[in-house]
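**Student:** Handing over work20.txt, compact mmCIF, C-alpha atoms.
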```
# COMPACT_ATOMS: atom_id res chain seq x y z
CA MET A 284 1.75 -17.39 -11.80
CA LYS A 285 2.83 -17.61 -8.18
CA ILE A 286 2.53 -14.55 -5.93
CA VAL A 287 3.95 -13.83 -2.48
CA ILE A 288 2.15 -11.22 -0.39
CA LEU A 289 4.09 -9.77 2.54
CA GLY A 290 1.85 -8.73 5.42
CA SER A 291 -1.53 -10.06 6.55
CA GLY A 292 -2.86 -6.99 8.35
CA LEU A 293 -5.38 -4.62 6.79
CA MET A 294 -4.18 -4.49 3.18
CA GLY A 295 -2.55 -7.90 2.67
CA PRO A 296 -5.83 -9.88 2.70
CA ALA A 297 -7.31 -7.45 0.14
CA ALA A 298 -4.33 -8.02 -2.16
CA ALA A 299 -4.68 -11.77 -1.60
CA PHE A 300 -8.40 -11.63 -2.46
CA ASN A 301 -7.69 -9.94 -5.79
CA SER A 302 -4.86 -12.35 -6.56
CA MET A 303 -6.99 -15.40 -5.74
CA ASN A 304 -9.61 -14.21 -8.24
CA ASP A 305 -7.12 -13.82 -11.08
CA PRO A 306 -7.30 -16.86 -13.39
CA GLN A 307 -3.61 -16.40 -14.28
CA VAL A 308 -2.59 -16.89 -10.65
CA GLY A 309 -2.09 -20.49 -9.54
CA GLN A 310 -0.85 -19.96 -5.98
CA VAL A 311 -0.88 -17.15 -3.43
CA LEU A 312 1.45 -17.23 -0.42
CA ILE A 313 0.70 -14.74 2.33
CA GLY A 314 3.53 -14.22 4.80
CA ASP A 315 3.67 -12.55 8.18
CA ALA A 316 5.74 -12.72 11.35
CA SER A 317 2.53 -12.83 13.42
CA GLN A 318 0.75 -16.17 13.51
CA ALA A 319 -2.33 -14.45 14.99
CA GLN A 320 -2.57 -12.09 12.02
CA LEU A 321 -2.08 -14.94 9.58
CA ASP A 322 -4.87 -16.92 11.25
CA ALA A 323 -7.18 -13.89 11.14
CA ALA A 324 -6.41 -13.34 7.45
CA MET A 325 -7.11 -16.98 6.62
CA ARG A 326 -10.45 -16.84 8.44
CA LYS A 327 -11.34 -13.69 6.53
CA LEU A 328 -10.54 -15.28 3.16
CA ALA A 329 -11.95 -18.75 3.87
CA GLY A 330 -14.75 -19.70 1.51
CA LYS A 331 -13.96 -16.93 -0.98
CA ALA A 332 -13.49 -17.73 -4.65
CA GLY A 333 -9.98 -19.04 -5.25
CA ALA A 334 -9.33 -19.73 -1.56
CA GLU A 335 -7.81 -23.09 -2.50
CA LYS A 336 -4.88 -21.16 -4.01
CA LEU A 337 -4.00 -19.53 -0.69
CA ARG A 338 -1.28 -20.74 1.70
CA PRO A 339 -0.09 -18.95 4.86
CA VAL A 340 3.63 -18.75 5.63
CA ARG A 341 5.18 -17.67 8.92
CA LEU A 342 7.90 -15.27 7.81
CA ASP A 343 10.17 -12.86 9.66
CA LEU A 344 11.73 -10.39 7.22
CA ASN A 345 14.65 -9.87 9.58
CA ASP A 346 15.74 -13.31 8.37
CA GLN A 347 16.66 -12.03 4.92
CA ALA A 348 17.99 -15.40 3.74
CA ALA A 349 14.68 -17.16 4.47
CA ALA A 350 12.68 -14.32 2.92
CA SER A 351 14.80 -14.32 -0.23
CA GLU A 352 14.52 -18.10 -0.54
CA LEU A 353 10.72 -17.92 -0.33
CA MET A 354 10.54 -15.14 -2.91
CA GLY A 355 12.92 -16.87 -5.28
CA ASP A 356 10.28 -19.49 -6.03
CA CYS A 357 7.63 -16.95 -7.09
CA ASP A 358 6.95 -14.62 -10.01
CA VAL A 359 6.16 -11.39 -8.16
CA VAL A 360 6.02 -10.03 -4.61
CA ILE A 361 3.37 -7.66 -3.24
CA ALA A 362 4.44 -5.78 -0.11
CA ALA A 363 1.56 -4.79 2.18
CA LEU A 364 3.84 -3.78 5.03
CA PRO A 365 4.28 -0.90 7.46
CA ARG A 366 6.79 1.58 6.08
CA PRO A 367 9.63 0.58 8.47
CA ALA A 368 9.39 -3.05 7.31
CA SER A 369 9.02 -2.20 3.63
CA ILE A 370 12.77 -1.78 3.08
CA LEU A 371 13.37 -5.32 4.36
CA GLY A 372 10.90 -6.74 1.85
CA ILE A 373 12.48 -4.75 -0.97
CA ARG A 374 16.01 -5.92 -0.17
CA ALA A 375 14.94 -9.56 0.05
CA ALA A 376 13.22 -9.27 -3.33
CA LEU A 377 16.33 -7.71 -4.87
CA GLN A 378 18.42 -10.56 -3.50
CA ALA A 379 15.96 -13.08 -4.95
CA GLY A 380 15.84 -11.30 -8.31
CA VAL A 381 12.06 -11.02 -8.21
CA PRO A 382 10.00 -7.88 -9.02
CA LEU A 383 8.20 -6.28 -6.07
CA VAL A 384 5.16 -4.00 -5.98
CA ASP A 385 4.98 -1.96 -2.77
CA LEU A 386 1.69 -0.57 -1.48
CA THR A 387 3.56 2.07 0.49
CA TRP A 388 6.47 4.40 -0.21
CA PRO A 389 9.85 3.76 1.43
CA ALA A 390 11.04 6.37 3.92
CA GLU A 391 12.70 9.33 2.19
CA GLU A 392 16.02 8.72 3.93
CA HIS A 393 16.20 5.28 2.31
CA MET A 394 15.53 6.45 -1.25
CA PRO A 395 19.01 7.55 -2.46
CA GLY A 396 20.73 4.35 -1.30
CA LEU A 397 17.77 2.23 -2.40
CA ARG A 398 17.98 3.54 -5.96
CA GLU A 399 21.61 2.46 -6.08
CA GLU A 400 20.75 -1.00 -4.71
CA VAL A 401 18.01 -1.49 -7.31
CA GLU A 402 20.25 -0.37 -10.17
CA ALA A 403 23.11 -2.58 -8.99
CA ALA A 404 20.81 -5.60 -8.75
CA LYS A 405 19.07 -4.71 -12.05
CA GLY A 406 15.85 -5.22 -10.13
CA LEU A 407 12.32 -3.93 -10.57
CA ILE A 408 10.70 -2.25 -7.58
CA ILE A 409 7.46 -0.27 -7.98
CA PRO A 410 6.62 1.72 -4.82
CA GLY A 411 3.51 3.73 -3.98
CA CYS A 412 0.95 1.32 -5.48
CA GLY A 413 -1.65 1.24 -2.70
CA VAL A 414 -4.79 3.33 -2.41
CA GLU A 415 -2.99 6.61 -1.63
CA PRO A 416 -0.37 6.89 -2.99
CA GLY A 417 -1.34 4.65 -5.90
CA LEU A 418 -4.86 4.13 -7.17
CA THR A 419 -5.92 7.73 -6.56
CA GLU A 420 -3.04 9.10 -8.67
CA ILE A 421 -3.68 6.57 -11.46
CA MET A 422 -7.36 7.58 -11.61
CA ALA A 423 -6.54 11.30 -11.40
CA ARG A 424 -3.97 11.05 -14.20
CA ARG A 425 -6.40 9.07 -16.36
CA LEU A 426 -9.13 11.66 -15.82
CA ALA A 427 -6.78 14.57 -16.55
CA GLU A 428 -5.75 12.97 -19.83
CA GLN A 429 -9.38 12.93 -20.97
CA LEU A 430 -9.75 16.71 -20.58
CA ASP A 431 -8.54 19.46 -22.89
CA ARG A 432 -7.17 21.52 -20.02
CA VAL A 433 -6.56 20.96 -16.30
CA ASP A 434 -5.90 23.92 -14.00
CA GLU A 435 -6.17 22.15 -10.66
CA LEU A 436 -6.31 18.55 -9.50
CA HIS A 437 -7.49 17.67 -6.01
CA ILE A 438 -7.26 14.15 -4.56
CA LYS A 439 -9.44 13.20 -1.59
CA CYS A 440 -8.87 9.90 0.19
CA GLY A 441 -10.18 8.59 3.50
CA GLY A 442 -11.72 5.69 5.37
CA ILE A 443 -15.47 6.30 5.58
CA PRO A 444 -17.31 3.36 7.17
CA GLU A 445 -20.72 2.22 5.95
CA THR A 446 -22.18 3.25 9.31
CA PRO A 447 -20.07 6.09 10.79
CA THR A 448 -19.95 6.24 14.58
CA PRO A 449 -18.72 8.99 16.92
CA PRO A 450 -16.42 10.59 17.73
CA LEU A 451 -14.60 10.62 14.37
CA GLY A 452 -16.91 8.64 12.09
CA TYR A 453 -13.75 7.17 10.56
CA LYS A 454 -12.45 3.67 9.82
CA ILE A 455 -8.75 2.82 9.77
CA VAL A 456 -8.17 1.01 6.48
CA PHE A 457 -4.35 1.07 6.34
CA GLY A 458 -1.32 2.04 8.37
CA GLY A 459 -1.84 -0.14 11.43
CA LYS A 460 -4.43 -0.32 14.19
CA GLN A 461 -4.05 3.26 15.41
CA LEU A 462 -4.41 6.61 13.68
CA PRO A 463 -0.87 7.91 13.04
CA LEU A 464 -1.43 11.31 14.65
CA ARG A 465 1.96 12.91 14.21
CA GLU A 466 2.92 16.38 13.03
CA GLN A 467 5.16 16.50 9.97
CA ASP A 468 5.40 18.23 6.62
CA GLY A 469 3.96 16.73 3.48
CA PRO A 470 4.33 17.45 -0.26
CA THR A 471 1.85 19.31 -2.44
CA VAL A 472 2.08 20.90 -5.88
CA GLU A 473 1.24 24.57 -6.39
CA ALA A 474 1.80 26.47 -9.65
CA GLY A 475 3.70 23.48 -10.98
CA GLN A 476 6.15 23.45 -8.08
CA LEU A 477 6.55 20.77 -5.42
CA LYS A 478 6.47 22.29 -1.93
CA LEU A 479 6.08 21.13 1.65
CA VAL A 480 3.16 22.15 3.85
CA PRO A 481 2.34 21.23 7.46
CA ARG A 482 0.22 18.13 7.93
CA TYR A 483 -3.40 18.92 8.92
CA SER A 484 -3.16 22.40 7.35
CA GLY A 485 -5.48 23.68 4.63
CA VAL A 486 -8.64 22.36 6.28
CA GLU A 487 -11.69 22.51 4.03
CA SER A 488 -15.24 21.17 4.14
CA ILE A 489 -16.53 18.88 1.43
CA THR A 490 -19.94 17.24 1.05
CA PHE A 491 -20.66 13.93 -0.68
CA PRO A 492 -24.26 12.93 -1.46
CA GLY A 493 -25.34 10.06 0.77
CA VAL A 494 -22.38 10.56 3.10
CA GLY A 495 -22.67 14.12 4.33
CA GLU A 496 -20.22 16.86 5.24
CA LEU A 497 -16.60 15.86 5.76
CA GLU A 498 -13.35 17.65 6.51
CA ALA A 499 -10.25 17.37 4.32
CA TRP A 500 -6.71 18.59 4.98
CA HIS A 501 -3.19 18.23 3.69
CA GLU A 502 -1.75 14.80 4.37
CA THR A 503 1.84 13.61 4.11
CA PHE A 504 1.52 11.10 1.28
CA MET A 505 3.71 11.40 -1.79
CA PRO A 506 1.67 12.88 -4.70
```
Could I get this file's structure written as structure tokens?
**Tutor:**
Amino acid sequence: MKIVILGSGLMGPAAAFNSMNDPQVGQVLIGDASQAQLDAAMRKLAGKAGAEKLRPVRLDLNDQAAASELMGDCDVVIAALPRPASILGIRAALQAGVPLVDLTWPAEEHMPGLREEVEAAKGLIIPGCGVEPGLTEIMARRLAEQLDRVDELHIKCGGIPETPTPPLGYKIVFGGKQLPLREQDGPTVEAGQLKLVPRYSGVESITFPGVGELEAWHETFMP
């Protein structure tokens, strides 16, 4: 199997690491418009198991023809891109006729038209497959299915470093190099109904053994 990973920032190298360790994967291409980020990703992955499968590719998704040509020679695409660039990766994959797994969720304004594009191309696009949204929902659903009854389900996700340092004691693990501190509404489910609540509302304290007391609040990720 041959995999193309779009993006070599924070999440792309992690996806590459997992792909390199899969015995069914023969080659992993990691593409990015930034040569500096590609070089940093290659240094990070050098010497790891399966590193011989890895090849960096300078790729600008604005050149849709080049992106589609690269993807057309692979079996699956993993998009580890900022949300604004995600739509470009999706459209190139549709043009190439290759399935794409997206670690983020396309912007809401793109969704109606994107559904039509996917259906017209008879493509396969799976969005929201990162940590959150993604892994947390899969684990929560799996846990809920093991129980006889579930009244409430709370998902907590954050970047807690091994050695927290002031002032926030936080580590950015996705979404760029800066905390996206912007006010906007986000979805939550109450009494079986999807509703929007302000970001940073519903602040609560939560304590984890070995970590200490943390604060949680409503985020703007799709549940």
**Student:** What's around A:Val494 at 9 Å? Count only C-alpha atoms, leave out sequence neighbours fewer than 4 positions away in its own chain, and write the answer as a list in words.
**Tutor:**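 Once the adjacent positions are removed, what remains is Ile443, Glu445 and Thr490 of chain A.
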**Student:** Could you jot down the atom CA of A:Met294 to atom CA of A:Phe491 separation for me, Å, one decimal place?
**Tutor:**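 Straight-line distance from atom CA of A:Met294 to atom CA of A:Phe491 works out to 25.0 Å.
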**Student:** Give me, please, the distance in Å between atom CA of A:Leu436 and atom CA of A:Val472, quoted to one decimal.
**Tutor:**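 The value is 9.4 Å.
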**Student:** Tell me, as a VMD selection string, which residues lie within 6 Å of stretch 396-408 of chain A, counting only C-alpha atoms; anything in the same chain fewer than 5 positions away does not count.
**Tutor:** chain A and resid 377 382 to 383
**Student:** Could you work out how far atom CA of A:Gly411 lies from atom CA of A:Leu386, giving the answer in Å with one decimal?
**Tutor:**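 Spanning atom CA of A:Leu386 to atom CA of A:Gly411 is a straight-line distance of 5.3 Å.
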**Student:** Determine the nearest neighbour of A:Asp385 from the options A:Ala349, A:Ala316, A:Leu342, A:Ala368, counting all atoms listed in the file.
**Tutor:** A:Ala368
**Student:** Mind checking which residues fall within 8 Å of A:Glu466, counting all atoms listed in the file, ignoring those fewer than 4 positions away in the same chain, and posting them as a VMD selection string?
**Tutor:** chain A and resid 481 to 483
**Student:** I want to know what sits within 7 Å of A:Leu321, based on all atoms listed in the file, with residues of the same chain fewer than 5 positions away left out; could you give that as a ChimeraX atom specification?
**Tutor:** /A:291,315,339
**Student:** Need to verify the contact set: A:Thr387, 7 Å, all atoms listed in the file, exclusion of same-chain residues closer than 6 positions in sequence. Can you return it as a list in words?
**Tutor:**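 Contacts, with the query itself left out: Arg366, Pro410, Gly411, Cys412 and Gly413 of chain A.
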**Student:** Calculated over all atoms listed in the file, which of the candidates A:Gly380, A:Pro449, A:Pro389, A:Gly372 has the smallest distance to A:Ile288?
**Tutor:**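 Of the candidates, the smallest distance to A:Ile288 is held by A:Gly372.
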**Student:** Given the choices A:Asp431, A:Gly452, A:Leu426, A:Gly290, which gets closest to A:Glu496 if the distance is worked out from all atoms listed in the file?
**Tutor:**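 Result for the nearest residue to A:Glu496: A:Gly452.
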